[in-house]
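A.B. asks: What follows is a single structure, and I will ask about it in a moment.
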Amino acid sequence: MATESWLTKFPEMERADLVAIRKGLDESYRAFSRTYGDAIESVFNPLLKFLVWFENLLLASPWWLVIAVVVALVYGASRSWKLSLGVIGSFMLIGYFGMWENTMRTMSIITVCTLLSIFMGIPIGIAMARSDKTRAVVTPILDIMQTMPAFVYLIPVVMLLGIGKVPGVIAVVIYAIPPVIRLTNLGIRLVDKEVLEAATAFGANSSQRLWGVQLPLAMPTIMAGINQTIMMALAMVVIASMIGVKGLGQPVLKSITNQYFTMGLFNGLAIVALAIIFDRVSQAYAKRTQRHLGGTQNG
Amino acid sequence: MDEPIIKIEGLYKIFGTNPESVMAMVMDGASKDEILSKTGHAVGLSNINLSIKRGEIFVIMGLSGSGKSTLIRHFNRLIDPTEGKILVDDVDVMGLGQKELEQFRRHRMSMVFQHFGLMPHRTVIENVAYGLMVQGVNKTTRHEKATTWLDAVGLGGYEDQYPSQLSGGQQQRVGLARALCTDADILLMDEAFSALDPLIRSEMQDQLIELQDKLRKTIIFITHDLDEALRLGDKIAILKDGKLSQVGKPEEILLNPADDYVEAFVRDVNRARVLTADVVMKPPVLRLTKENLDDALEQMRGKKHDYGYVFEEDEYRGIITREIIENEIDSPGPNANLCELAEDMATVQPDTSLEEILPTTLGQPYPVPVVGEDGEFHGVVSRKSMISILSDNNGTSDKA
Ligand SMILES: Nc1ncnc2c1ncn2[C@@H]1O[C@H](COP(=O)(O)OP(=O)(O)OP(=O)(O)O)[C@@H](O)[C@H]1O
Ligand SMILES: [Mg+2]
């Protein structure tokens, strides 16, 4: 009798046990967030302050000043008039169609998320490149971060910190940081062995090798990682808006629920415009600064 | 001058996950292939013993995969041995801590790489000054020095170019300048010229020889090209499957190859171009030191010889034949003195190649004296000994 039942029906665990596990985990996590929630929130307080300050800065500055500063940055990075004119055009259109404020909010959060990802991701990537053990530990974590649906890790973050900017930033960073880490690791590992050997042979210590050889030579790869990170952060804008991150994502969300096609399209196009600007500028910058790296790996 | 600067004793290098575990097998003399198939470990080097003298160019030669790069990387410990000793000026390199090792690499040894190993993101001058930068020398001083060395290798004016803008030969000159710029007294060169085409390569060899005449560094030079080895090397070590087959002067290797492997290397060498007069010369059969003509004639008769080389208090004076002595005795001239009668004859210098002395040797009826720059007598080169050495070449060749 018993044998027959496990052959025809999967031998599931008892319902009561499953409920107990769920309850137990949920309860303990809730307890954890009740006791430590405030403490953790206060850790993120400086980040929140910075986010608010930066967003207000962008919103409070006159539109022409923002455009001027952005174009100055774009030209400084890319040295391309075409690109600079394109940026002016896109911002004018965005403002004309009434999306200026949301665009500023999105730009502010993307900038912060990208900077955070770079400052955390590059050191992690370096650590990974230096030891195979670290790489063995970090790689599966990155796989999980990239494949786990964002909604799933939003739950504990929201439980812990409520909805708002900080959980939004955490969610975006979790989603967007893997490319910088992976490509930093890859870039350093791909550095020409003989060049690194030369540095060692002339008595360079490990920090001289890192700053003087490995990072500069890995830079094209790292830049590709940063570029991808920016793209992924922008892709998260809509999902982040579900937990209260204001910006271009919110109108998109609204248009999905209310079936406002045009509104969705305009805001979507604004996101695309931002993505293209970030992409082209970072690529032009990388190309301009790395033009000597090509074609010298061997004579 | 003659004491060794570098000594390598009982050096073993095994690549793999647990090198110590296969040491016993290696010591028992198991072959490289056997160890690889049984344990998955690659024997890189096995029982290497070397001693390298100050100021010499020591060439390490062997086929691809014989362990040349592995060996040279032990000198500055880019690779750590599984077992063995490396002594530089009696300092145990294996005993150095990380900081000391860095100092050692900064000041004692520098290296030139097969594919140049230049830093593509630095300009030529920055590349040359790299060693000094690592040492913390300030920018003006190091760039001044780098400029001097760039000029020395003939690349003045290229300071602000990037390596990618230079040809292969020029890039390797930068590599050489970079190595010389730190004033290290030991220079490691791993197939430094192998990636260059033949013409540039021989130019670089000339340049190295020229620089070495001035600098007198100790150079460890790796190559798989015997001609290059013979041209540059004061000593040559031949490596096969991680073991030393033979270590010796170029002519020793050429004339007495230790085994088939070495012989295969030297088979096609043009001996006439490589060997020098001092290798083939012999002591003369008859040295005439007495002034008396009758004594000399007596000696010639005793040795059944028609000619002799005349010396005055060990100083070479010339050649004299039996005919001249007999004529002189029959009708004595004003100076019946051996030294006065001795005739001048073409001489050759000890370090001239056989190819160059061949016409002289063949054009003379008697063996040609080998006389150094200061007039000191070394020996004589006969037609016979010359021909036997040159034709022995064909004798050892399979093609003959
Ligand atoms: N890191 C390594 N791991 C495993 N085996 C290695 C390693 N480095 C070298 N070897 C082995 O050691 C042997 C010698 O290699 P090495 O590079 O020293 O040869 P080489 O004489 O310099 O050859 P080439 O002329 O091609 O440069 C090779 O057979 C190789 O299998
Ligand atoms: Mg090699």
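As shown in the structure tokens, the chain order sets the letters A, B, ...; within each chain, residues go from 1, and ligands are also counted from 1 in the order they appear.
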Throw together the list of residues within 10 Å of ligand 2, counting only C-alpha atoms and all ligand atoms, and drop it here as a PyMOL selection string.
C.D. replies: chain B and resi 62-73+113-114+190-191+222-224
A.B. asks: Could you save the residues just selected, with N, CA and C atoms, as a PDB file, in the first residue's frame?
C.D. replies:
ATOM      1  N   GLY B  62      68.159  25.038 -26.140  1.00  0.00           N
ATOM      2  CA  GLY B  62      67.397  23.801 -26.122  1.00  0.00           C
ATOM      3  C   GLY B  62      66.182  23.958 -27.001  1.00  0.00           C
ATOM      4  N   LEU B  63      65.554  22.832 -27.323  1.00  0.00           N
ATOM      5  CA  LEU B  63      64.374  22.885 -28.170  1.00  0.00           C
ATOM      6  C   LEU B  63      63.204  23.449 -27.383  1.00  0.00           C
ATOM      7  N   SER B  64      62.117  23.730 -28.087  1.00  0.00           N
ATOM      8  CA  SER B  64      60.929  24.236 -27.433  1.00  0.00           C
ATOM      9  C   SER B  64      60.436  23.218 -26.400  1.00  0.00           C
ATOM     10  N   GLY B  65      60.117  23.708 -25.221  1.00  0.00           N
ATOM     11  CA  GLY B  65      59.622  22.824 -24.174  1.00  0.00           C
ATOM     12  C   GLY B  65      60.707  22.161 -23.353  1.00  0.00           C
ATOM     13  N   SER B  66      61.974  22.523 -23.618  1.00  0.00           N
ATOM     14  CA  SER B  66      63.054  21.878 -22.873  1.00  0.00           C
ATOM     15  C   SER B  66      63.246  22.490 -21.485  1.00  0.00           C
ATOM     16  N   GLY B  67      62.558  23.596 -21.205  1.00  0.00           N
ATOM     17  CA  GLY B  67      62.631  24.170 -19.862  1.00  0.00           C
ATOM     18  C   GLY B  67      63.486  25.414 -19.762  1.00  0.00           C
ATOM     19  N   LYS B  68      63.821  26.041 -20.902  1.00  0.00           N
ATOM     20  CA  LYS B  68      64.668  27.226 -20.877  1.00  0.00           C
ATOM     21  C   LYS B  68      64.011  28.378 -20.114  1.00  0.00           C
ATOM     22  N   SER B  69      62.778  28.672 -20.480  1.00  0.00           N
ATOM     23  CA  SER B  69      62.088  29.781 -19.814  1.00  0.00           C
ATOM     24  C   SER B  69      61.912  29.478 -18.336  1.00  0.00           C
ATOM     25  N   THR B  70      61.603  28.240 -18.039  1.00  0.00           N
ATOM     26  CA  THR B  70      61.440  27.850 -16.641  1.00  0.00           C
ATOM     27  C   THR B  70      62.743  28.098 -15.885  1.00  0.00           C
ATOM     28  N   LEU B  71      63.845  27.719 -16.484  1.00  0.00           N
ATOM     29  CA  LEU B  71      65.134  27.872 -15.810  1.00  0.00           C
ATOM     30  C   LEU B  71      65.473  29.348 -15.587  1.00  0.00           C
ATOM     31  N   ILE B  72      65.317  30.162 -16.611  1.00  0.00           N
ATOM     32  CA  ILE B  72      65.753  31.562 -16.455  1.00  0.00           C
ATOM     33  C   ILE B  72      64.866  32.281 -15.446  1.00  0.00           C
ATOM     34  N   ARG B  73      63.604  31.849 -15.322  1.00  0.00           N
ATOM     35  CA  ARG B  73      62.728  32.487 -14.355  1.00  0.00           C
ATOM     36  C   ARG B  73      63.047  32.107 -12.912  1.00  0.00           C
ATOM     37  N   PHE B 113      62.371  40.373 -22.491  1.00  0.00           N
ATOM     38  CA  PHE B 113      61.413  39.313 -22.770  1.00  0.00           C
ATOM     39  C   PHE B 113      61.259  39.025 -24.255  1.00  0.00           C
ATOM     40  N   GLN B 114      60.821  37.797 -24.538  1.00  0.00           N
ATOM     41  CA  GLN B 114      60.681  37.375 -25.932  1.00  0.00           C
ATOM     42  C   GLN B 114      59.710  38.269 -26.707  1.00  0.00           C
ATOM     43  N   ASP B 190      65.370  36.250 -22.196  1.00  0.00           N
ATOM     44  CA  ASP B 190      64.655  35.038 -22.595  1.00  0.00           C
ATOM     45  C   ASP B 190      64.242  35.137 -24.059  1.00  0.00           C
ATOM     46  N   GLU B 191      64.982  34.472 -24.920  1.00  0.00           N
ATOM     47  CA  GLU B 191      64.720  34.514 -26.371  1.00  0.00           C
ATOM     48  C   GLU B 191      64.457  35.938 -26.830  1.00  0.00           C
ATOM     49  N   ILE B 222      68.969  33.259 -23.474  1.00  0.00           N
ATOM     50  CA  ILE B 222      68.287  32.044 -23.902  1.00  0.00           C
ATOM     51  C   ILE B 222      68.008  32.102 -25.387  1.00  0.00           C
ATOM     52  N   THR B 223      68.224  31.003 -26.045  1.00  0.00           N
ATOM     53  CA  THR B 223      67.904  30.970 -27.468  1.00  0.00           C
ATOM     54  C   THR B 223      67.680  29.530 -27.890  1.00  0.00           C
ATOM     55  N   HIS B 224      66.982  29.345 -29.003  1.00  0.00           N
ATOM     56  CA  HIS B 224      66.939  27.989 -29.539  1.00  0.00           C
ATOM     57  C   HIS B 224      67.718  27.916 -30.848  1.00  0.00           C
TER      58      HIS B 224
END
A.B. asks: Using DSSP secondary structure from the backbone, list all strand (DSSP E or B) positions within range 56-240 of chain B, as a compact mmCIF listing (two decimals) with all heavy atoms, in the first residue's frame.
C.D. replies:
# COMPACT_ATOMS: atom_id res chain seq x y z
N ILE B 57 78.86 35.96 -21.09
CA ILE B 57 77.54 35.74 -21.67
C ILE B 57 77.31 34.24 -21.63
O ILE B 57 78.01 33.47 -22.29
CB ILE B 57 77.45 36.25 -23.13
CG1 ILE B 57 77.74 37.75 -23.18
CG2 ILE B 57 76.07 35.96 -23.70
CD1 ILE B 57 77.49 38.37 -24.55
N PHE B 58 76.36 33.85 -20.83
CA PHE B 58 76.08 32.44 -20.64
C PHE B 58 74.81 32.11 -21.41
O PHE B 58 73.74 32.63 -21.10
CB PHE B 58 75.90 32.16 -19.14
CG PHE B 58 75.86 30.71 -18.80
CD1 PHE B 58 77.01 30.05 -18.38
CD2 PHE B 58 74.68 29.98 -18.90
CE1 PHE B 58 76.99 28.70 -18.06
CE2 PHE B 58 74.66 28.63 -18.59
CZ PHE B 58 75.81 27.99 -18.17
N VAL B 59 74.95 31.27 -22.41
CA VAL B 59 73.79 30.98 -23.26
C VAL B 59 73.16 29.65 -22.84
O VAL B 59 73.87 28.68 -22.59
CB VAL B 59 74.20 30.91 -24.74
CG1 VAL B 59 73.03 30.49 -25.60
CG2 VAL B 59 74.72 32.25 -25.21
N ILE B 60 71.85 29.65 -22.71
CA ILE B 60 71.14 28.41 -22.44
C ILE B 60 70.33 28.06 -23.68
O ILE B 60 69.58 28.89 -24.19
CB ILE B 60 70.22 28.55 -21.22
CG1 ILE B 60 71.04 28.89 -19.99
CG2 ILE B 60 69.43 27.26 -21.00
CD1 ILE B 60 70.22 29.30 -18.80
N MET B 61 70.54 26.85 -24.18
CA MET B 61 69.95 26.49 -25.46
C MET B 61 69.16 25.20 -25.33
O MET B 61 69.48 24.34 -24.51
CB MET B 61 71.09 26.26 -26.44
CG MET B 61 70.85 26.88 -27.75
SD MET B 61 72.20 26.50 -28.81
CE MET B 61 71.70 24.95 -29.38
N GLY B 62 68.16 25.04 -26.14
CA GLY B 62 67.40 23.80 -26.12
C GLY B 62 66.18 23.96 -27.00
O GLY B 62 65.81 25.07 -27.38
N GLU B 83 62.86 22.20 -5.49
CA GLU B 83 63.97 21.92 -4.62
C GLU B 83 65.23 22.51 -5.24
O GLU B 83 65.31 22.67 -6.45
CB GLU B 83 64.14 20.41 -4.47
CG GLU B 83 64.73 20.01 -3.14
CD GLU B 83 64.74 18.50 -2.99
OE1 GLU B 83 63.66 17.93 -2.85
OE2 GLU B 83 65.84 17.91 -3.03
N GLY B 84 66.21 22.84 -4.41
CA GLY B 84 67.47 23.31 -4.97
C GLY B 84 67.87 24.67 -4.45
O GLY B 84 67.12 25.34 -3.75
N LYS B 85 69.09 25.04 -4.80
CA LYS B 85 69.68 26.27 -4.28
C LYS B 85 69.99 27.22 -5.42
O LYS B 85 70.45 26.81 -6.47
CB LYS B 85 70.99 25.92 -3.58
CG LYS B 85 70.91 25.91 -2.08
CD LYS B 85 72.32 25.92 -1.55
CE LYS B 85 72.35 25.80 -0.05
NZ LYS B 85 73.63 25.26 0.40
N ILE B 86 69.76 28.50 -5.18
CA ILE B 86 70.17 29.52 -6.13
C ILE B 86 70.99 30.54 -5.35
O ILE B 86 70.50 31.17 -4.42
CB ILE B 86 68.95 30.23 -6.75
CG1 ILE B 86 68.03 29.21 -7.41
CG2 ILE B 86 69.40 31.27 -7.76
CD1 ILE B 86 66.62 29.69 -7.56
N LEU B 87 72.26 30.66 -5.72
CA LEU B 87 73.13 31.60 -5.00
C LEU B 87 73.61 32.68 -5.96
O LEU B 87 74.08 32.39 -7.05
CB LEU B 87 74.35 30.87 -4.44
CG LEU B 87 74.07 29.76 -3.43
CD1 LEU B 87 75.32 28.95 -3.17
CD2 LEU B 87 73.54 30.35 -2.14
N VAL B 88 73.45 33.93 -5.57
CA VAL B 88 73.98 35.03 -6.36
C VAL B 88 74.93 35.78 -5.45
O VAL B 88 74.52 36.34 -4.43
CB VAL B 88 72.86 35.95 -6.85
CG1 VAL B 88 73.45 37.16 -7.54
CG2 VAL B 88 71.94 35.21 -7.80
N VAL B 91 74.67 35.03 -1.94
CA VAL B 91 73.40 35.29 -1.26
C VAL B 91 72.42 34.21 -1.69
O VAL B 91 72.27 33.95 -2.88
CB VAL B 91 72.84 36.67 -1.66
CG1 VAL B 91 71.46 36.87 -1.07
CG2 VAL B 91 73.79 37.76 -1.22
N ASP B 92 71.79 33.58 -0.73
CA ASP B 92 70.82 32.54 -1.04
C ASP B 92 69.50 33.20 -1.44
O ASP B 92 68.77 33.72 -0.60
CB ASP B 92 70.62 31.64 0.19
CG ASP B 92 69.62 30.53 -0.11
OD1 ASP B 92 69.19 30.42 -1.26
OD2 ASP B 92 69.28 29.79 0.83
N MET B 109 69.21 42.30 -10.86
CA MET B 109 68.90 41.64 -12.13
C MET B 109 67.87 42.42 -12.90
O MET B 109 66.98 43.01 -12.32
CB MET B 109 68.30 40.26 -11.84
CG MET B 109 69.30 39.26 -11.41
SD MET B 109 68.55 37.64 -11.38
CE MET B 109 69.87 36.73 -10.61
N SER B 110 68.00 42.40 -14.21
CA SER B 110 66.90 42.91 -15.01
C SER B 110 66.67 41.94 -16.15
O SER B 110 67.48 41.05 -16.37
CB SER B 110 67.18 44.32 -15.50
OG SER B 110 68.41 44.34 -16.17
N MET B 111 65.58 42.11 -16.86
CA MET B 111 65.16 41.06 -17.77
C MET B 111 64.64 41.63 -19.09
O MET B 111 64.00 42.67 -19.11
CB MET B 111 64.09 40.22 -17.08
CG MET B 111 63.81 38.89 -17.72
SD MET B 111 62.98 37.80 -16.55
CE MET B 111 62.73 36.37 -17.57
N VAL B 112 64.93 40.91 -20.17
CA VAL B 112 64.40 41.26 -21.49
C VAL B 112 63.55 40.08 -21.95
O VAL B 112 63.96 38.94 -21.81
CB VAL B 112 65.54 41.50 -22.50
CG1 VAL B 112 64.99 41.96 -23.83
CG2 VAL B 112 66.52 42.53 -21.96
N ILE B 186 73.30 41.94 -13.59
CA ILE B 186 72.96 40.68 -14.25
C ILE B 186 71.77 40.91 -15.17
O ILE B 186 70.78 41.52 -14.79
CB ILE B 186 72.61 39.60 -13.22
CG1 ILE B 186 73.80 39.40 -12.27
CG2 ILE B 186 72.25 38.30 -13.90
CD1 ILE B 186 73.48 38.55 -11.07
N LEU B 187 71.92 40.44 -16.40
CA LEU B 187 70.88 40.67 -17.39
C LEU B 187 70.32 39.33 -17.83
O LEU B 187 71.07 38.45 -18.26
CB LEU B 187 71.54 41.39 -18.58
CG LEU B 187 70.69 42.14 -19.57
CD1 LEU B 187 69.86 43.18 -18.86
CD2 LEU B 187 71.58 42.80 -20.60
N LEU B 188 69.00 39.15 -17.70
CA LEU B 188 68.37 37.91 -18.13
C LEU B 188 67.67 38.17 -19.45
O LEU B 188 66.87 39.09 -19.56
CB LEU B 188 67.36 37.44 -17.08
CG LEU B 188 67.87 37.30 -15.65
CD1 LEU B 188 66.72 36.96 -14.71
CD2 LEU B 188 68.96 36.27 -15.56
N MET B 189 67.97 37.38 -20.46
CA MET B 189 67.33 37.60 -21.75
C MET B 189 66.70 36.30 -22.25
O MET B 189 67.39 35.37 -22.63
CB MET B 189 68.37 38.11 -22.76
CG MET B 189 69.08 39.36 -22.25
SD MET B 189 70.30 40.04 -23.39
CE MET B 189 69.26 40.83 -24.61
N ASP B 190 65.37 36.25 -22.20
CA ASP B 190 64.65 35.04 -22.59
C ASP B 190 64.24 35.14 -24.06
O ASP B 190 63.26 35.77 -24.38
CB ASP B 190 63.42 34.83 -21.70
CG ASP B 190 62.72 33.52 -22.03
OD1 ASP B 190 63.24 32.75 -22.85
OD2 ASP B 190 61.64 33.27 -21.45
N THR B 218 76.96 40.46 -16.53
CA THR B 218 76.79 39.02 -16.62
C THR B 218 75.45 38.80 -17.32
O THR B 218 74.43 39.27 -16.85
CB THR B 218 76.76 38.39 -15.22
OG1 THR B 218 77.92 38.82 -14.52
CG2 THR B 218 76.69 36.89 -15.31
N ILE B 219 75.49 38.13 -18.46
CA ILE B 219 74.26 37.99 -19.24
C ILE B 219 73.87 36.52 -19.35
O ILE B 219 74.69 35.68 -19.75
CB ILE B 219 74.44 38.59 -20.65
CG1 ILE B 219 74.83 40.07 -20.55
CG2 ILE B 219 73.17 38.41 -21.47
CD1 ILE B 219 75.04 40.75 -21.89
N ILE B 220 72.65 36.21 -18.98
CA ILE B 220 72.12 34.88 -19.23
C ILE B 220 71.23 35.02 -20.45
O ILE B 220 70.25 35.76 -20.42
CB ILE B 220 71.24 34.38 -18.06
CG1 ILE B 220 71.78 34.81 -16.71
CG2 ILE B 220 71.00 32.89 -18.16
CD1 ILE B 220 72.98 34.11 -16.24
N PHE B 221 71.58 34.34 -21.52
CA PHE B 221 70.87 34.54 -22.77
C PHE B 221 70.26 33.23 -23.23
O PHE B 221 70.95 32.22 -23.34
CB PHE B 221 71.87 35.05 -23.83
CG PHE B 221 71.22 35.56 -25.07
CD1 PHE B 221 71.03 36.91 -25.25
CD2 PHE B 221 70.79 34.67 -26.06
CE1 PHE B 221 70.43 37.39 -26.40
CE2 PHE B 221 70.17 35.15 -27.20
CZ PHE B 221 70.00 36.51 -27.37
N ILE B 222 68.97 33.26 -23.47
CA ILE B 222 68.29 32.04 -23.90
C ILE B 222 68.01 32.10 -25.39
O ILE B 222 67.62 33.15 -25.90
CB ILE B 222 66.97 31.91 -23.13
CG1 ILE B 222 67.33 31.70 -21.67
CG2 ILE B 222 66.12 30.80 -23.69
CD1 ILE B 222 66.54 30.70 -20.98
N THR B 223 68.22 31.00 -26.05
CA THR B 223 67.90 30.97 -27.47
C THR B 223 67.68 29.53 -27.89
O THR B 223 68.08 28.60 -27.19
CB THR B 223 69.04 31.58 -28.32
OG1 THR B 223 68.70 31.48 -29.68
CG2 THR B 223 70.35 30.86 -28.08
N LYS B 235 79.97 30.80 -22.89
CA LYS B 235 79.69 29.44 -22.43
C LYS B 235 78.30 29.09 -22.92
O LYS B 235 77.43 29.95 -23.02
CB LYS B 235 79.67 29.41 -20.89
CG LYS B 235 80.98 29.06 -20.23
CD LYS B 235 81.02 27.57 -19.90
CE LYS B 235 82.26 27.19 -19.13
NZ LYS B 235 82.13 27.54 -17.71
N ILE B 236 78.10 27.82 -23.21
CA ILE B 236 76.79 27.39 -23.67
C ILE B 236 76.34 26.20 -22.84
O ILE B 236 77.12 25.28 -22.59
CB ILE B 236 76.83 26.99 -25.16
CG1 ILE B 236 77.23 28.20 -26.01
CG2 ILE B 236 75.48 26.45 -25.61
CD1 ILE B 236 77.36 27.89 -27.48
N ALA B 237 75.09 26.24 -22.37
CA ALA B 237 74.52 25.08 -21.69
C ALA B 237 73.40 24.56 -22.56
O ALA B 237 72.60 25.34 -23.08
CB ALA B 237 74.00 25.48 -20.32
N ILE B 238 73.36 23.25 -22.74
CA ILE B 238 72.32 22.69 -23.59
C ILE B 238 71.35 21.89 -22.73
O ILE B 238 71.75 21.05 -21.92
CB ILE B 238 72.92 21.84 -24.70
CG1 ILE B 238 73.75 22.79 -25.56
CG2 ILE B 238 71.84 21.16 -25.51
CD1 ILE B 238 74.19 22.25 -26.85
N LEU B 239 70.08 22.23 -22.89
CA LEU B 239 69.04 21.71 -22.03
C LEU B 239 68.16 20.78 -22.86
O LEU B 239 67.78 21.10 -23.98
CB LEU B 239 68.22 22.90 -21.53
CG LEU B 239 67.46 22.80 -20.23
CD1 LEU B 239 68.39 22.45 -19.10
CD2 LEU B 239 66.77 24.12 -19.94
N LYS B 240 67.86 19.61 -22.27
CA LYS B 240 66.95 18.70 -22.96
C LYS B 240 65.99 18.09 -21.94
O LYS B 240 66.43 17.52 -20.94
CB LYS B 240 67.75 17.59 -23.63
CG LYS B 240 66.88 16.66 -24.41
CD LYS B 240 67.54 15.33 -24.62
CE LYS B 240 66.57 14.45 -25.40
NZ LYS B 240 66.98 13.07 -25.39
A.B. asks: Can you check which residues of chain B have any atom within 7 Å of chain A? Use only C-alpha atoms and format it as a count of residues only.
C.D. replies: 19
A.B. asks: For range 67-76 of chain A, list every protein, DNA or RNA residue within 8 Å, evaluated using only C-alpha atoms, and leave out those in the same chain fewer than 6 positions away; present the list as a list in words.
C.D. replies: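 Everything that qualifies: Leu83, Ser84, Val87, Ile88, Phe91 and Val281 of chain A.
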A.B. asks: Output the selection as a PDB file, in the first residue's frame - C-alpha atoms for each residue.
C.D. replies:
ATOM      1  CA  LEU A  83      27.249  63.506 -29.355  1.00  0.00           C
ATOM      2  CA  SER A  84      26.991  66.750 -27.400  1.00  0.00           C
ATOM      3  CA  VAL A  87      22.356  65.203 -25.875  1.00  0.00           C
ATOM      4  CA  ILE A  88      21.074  68.780 -26.045  1.00  0.00           C
ATOM      5  CA  PHE A  91      16.988  66.840 -23.239  1.00  0.00           C
ATOM      6  CA  VAL A 281      29.426  58.691 -23.651  1.00  0.00           C
TER       7      VAL A 281
END
A.B. asks: Considering only C-alpha atoms and all ligand atoms, state which residue in the set B:Gly55, B:Gly136, B:Pro81, B:Gly242 is at the smallest distance from ligand 1.
C.D. replies: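 Residue with the minimum atom-to-atom distance to ligand 1: B:Gly242.
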A.B. asks: One number please: CA of Gly302 in chain B to CA of Val285 in chain B, in Å, one decimal.
C.D. replies: 11.5 Å
A.B. asks: Do you know which residues are at most 12 Å from Pro62 in chain A counting only C-alpha atoms, after dropping those on the same chain fewer than 6 positions away, and could you put them as number ranges by chain?
C.D. replies: A: 56, 68-69, 95, 100-101, 104
A.B. asks: Which residues, written as a PDB file with C-alpha atoms, in the first residue's frame, have at least one atom at most 6 Å from range 359-367 of chain B, with only C-alpha atoms counted and residues fewer than 3 positions away on the same chain left out?
C.D. replies:
ATOM      1  CA  VAL B 380     100.672  27.135 -35.517  1.00  0.00           C
ATOM      2  CA  VAL B 381      97.805  26.261 -37.789  1.00  0.00           C
ATOM      3  CA  SER B 382      98.622  23.666 -40.381  1.00  0.00           C
TER       4      SER B 382
END
A.B. asks: When you draw a straight line from CA of Tyr36 in chain A to CA of Pro167 in chain A, how long is it in Å?
C.D. replies: 15.5 Å
A.B. asks: To one decimal in Å, tell me the separation between CA of Leu275 in chain B and CA of Arg383 in chain B.
C.D. replies: 14.9 Å
A.B. asks: Nearest to ligand 1 among B:Lys53, B:Arg201, B:Lys243, B:Lys7, with distances taken over only C-alpha atoms and all ligand atoms: which residue is it?
C.D. replies: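 Looking only at the distances to ligand 1, the closest residue turns out to be B:Lys243.
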A.B. asks: Report as an NGL selection string all protein, DNA and RNA residues lying within 12 Å of Met263 in chain A, evaluated on only C-alpha atoms, omitting residues in the same chain fewer than 4 positions from it.
C.D. replies: :A and (97-99 or 248-259 or 267-270)
A.B. asks: Please produce a file of those selected residues containing N, CA, C and O atoms, as a short mmCIF file (atom, residue, chain, number, x, y, z; two decimals), in the first residue's frame.
C.D. replies:
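So result20.cif came out as:
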data_model
loop_
_atom_site.label_atom_id
_atom_site.label_comp_id
_atom_site.auth_asym_id
_atom_site.auth_seq_id
_atom_site.Cartn_x
_atom_site.Cartn_y
_atom_site.Cartn_z
N PHE A 97 8.20 67.58 -23.69
CA PHE A 97 7.08 66.65 -23.48
C PHE A 97 6.74 66.47 -22.01
O PHE A 97 6.06 65.52 -21.64
N GLY A 98 7.27 67.32 -21.17
CA GLY A 98 6.85 67.34 -19.77
C GLY A 98 7.42 66.25 -18.91
O GLY A 98 6.83 65.85 -17.91
N MET A 99 8.58 65.73 -19.26
CA MET A 99 9.13 64.64 -18.45
C MET A 99 10.40 65.07 -17.73
O MET A 99 11.17 64.26 -17.26
N LEU A 248 11.08 58.12 -13.96
CA LEU A 248 10.42 57.73 -15.21
C LEU A 248 9.70 56.39 -15.09
O LEU A 248 8.82 56.09 -15.89
N GLY A 249 10.07 55.58 -14.10
CA GLY A 249 9.44 54.28 -13.95
C GLY A 249 7.99 54.37 -13.52
O GLY A 249 7.15 53.59 -13.96
N GLN A 250 7.68 55.36 -12.68
CA GLN A 250 6.31 55.44 -12.15
C GLN A 250 5.25 55.67 -13.21
O GLN A 250 4.25 54.96 -13.24
N PRO A 251 5.44 56.65 -14.11
CA PRO A 251 4.44 56.79 -15.18
C PRO A 251 4.31 55.54 -16.04
O PRO A 251 3.21 55.20 -16.48
N VAL A 252 5.42 54.83 -16.24
CA VAL A 252 5.34 53.60 -17.03
C VAL A 252 4.46 52.60 -16.31
O VAL A 252 3.56 51.99 -16.90
N LEU A 253 4.67 52.49 -15.00
CA LEU A 253 3.88 51.56 -14.20
C LEU A 253 2.40 51.94 -14.26
O LEU A 253 1.52 51.10 -14.43
N LYS A 254 2.16 53.27 -14.14
CA LYS A 254 0.78 53.76 -14.18
C LYS A 254 0.14 53.42 -15.52
O LYS A 254 -1.00 53.00 -15.59
N SER A 255 0.91 53.59 -16.60
CA SER A 255 0.31 53.34 -17.90
C SER A 255 0.04 51.86 -18.13
O SER A 255 -0.87 51.51 -18.88
N ILE A 256 0.82 50.98 -17.47
CA ILE A 256 0.50 49.55 -17.60
C ILE A 256 -0.83 49.26 -16.95
O ILE A 256 -1.72 48.65 -17.54
N THR A 257 -1.00 49.76 -15.69
CA THR A 257 -2.24 49.44 -14.98
C THR A 257 -3.45 50.10 -15.62
O THR A 257 -4.55 49.57 -15.60
N ASN A 258 -3.25 51.29 -16.23
CA ASN A 258 -4.39 52.01 -16.79
C ASN A 258 -4.48 51.93 -18.31
O ASN A 258 -5.33 52.56 -18.91
N GLN A 259 -3.58 51.22 -18.91
CA GLN A 259 -3.54 51.10 -20.36
C GLN A 259 -3.44 52.43 -21.08
O GLN A 259 -4.19 52.72 -22.00
N ASN A 267 7.49 57.90 -21.87
CA ASN A 267 8.42 57.71 -20.76
C ASN A 267 9.44 56.62 -21.08
O ASN A 267 10.60 56.72 -20.69
N GLY A 268 8.95 55.58 -21.78
CA GLY A 268 9.87 54.53 -22.19
C GLY A 268 10.97 55.10 -23.08
O GLY A 268 12.15 54.80 -22.91
N LEU A 269 10.54 55.99 -24.04
CA LEU A 269 11.53 56.59 -24.93
C LEU A 269 12.53 57.45 -24.17
O LEU A 269 13.71 57.51 -24.51
N ALA A 270 12.04 58.12 -23.12
CA ALA A 270 12.95 58.94 -22.32
C ALA A 270 14.01 58.05 -21.66
O ALA A 270 15.20 58.40 -21.61
#
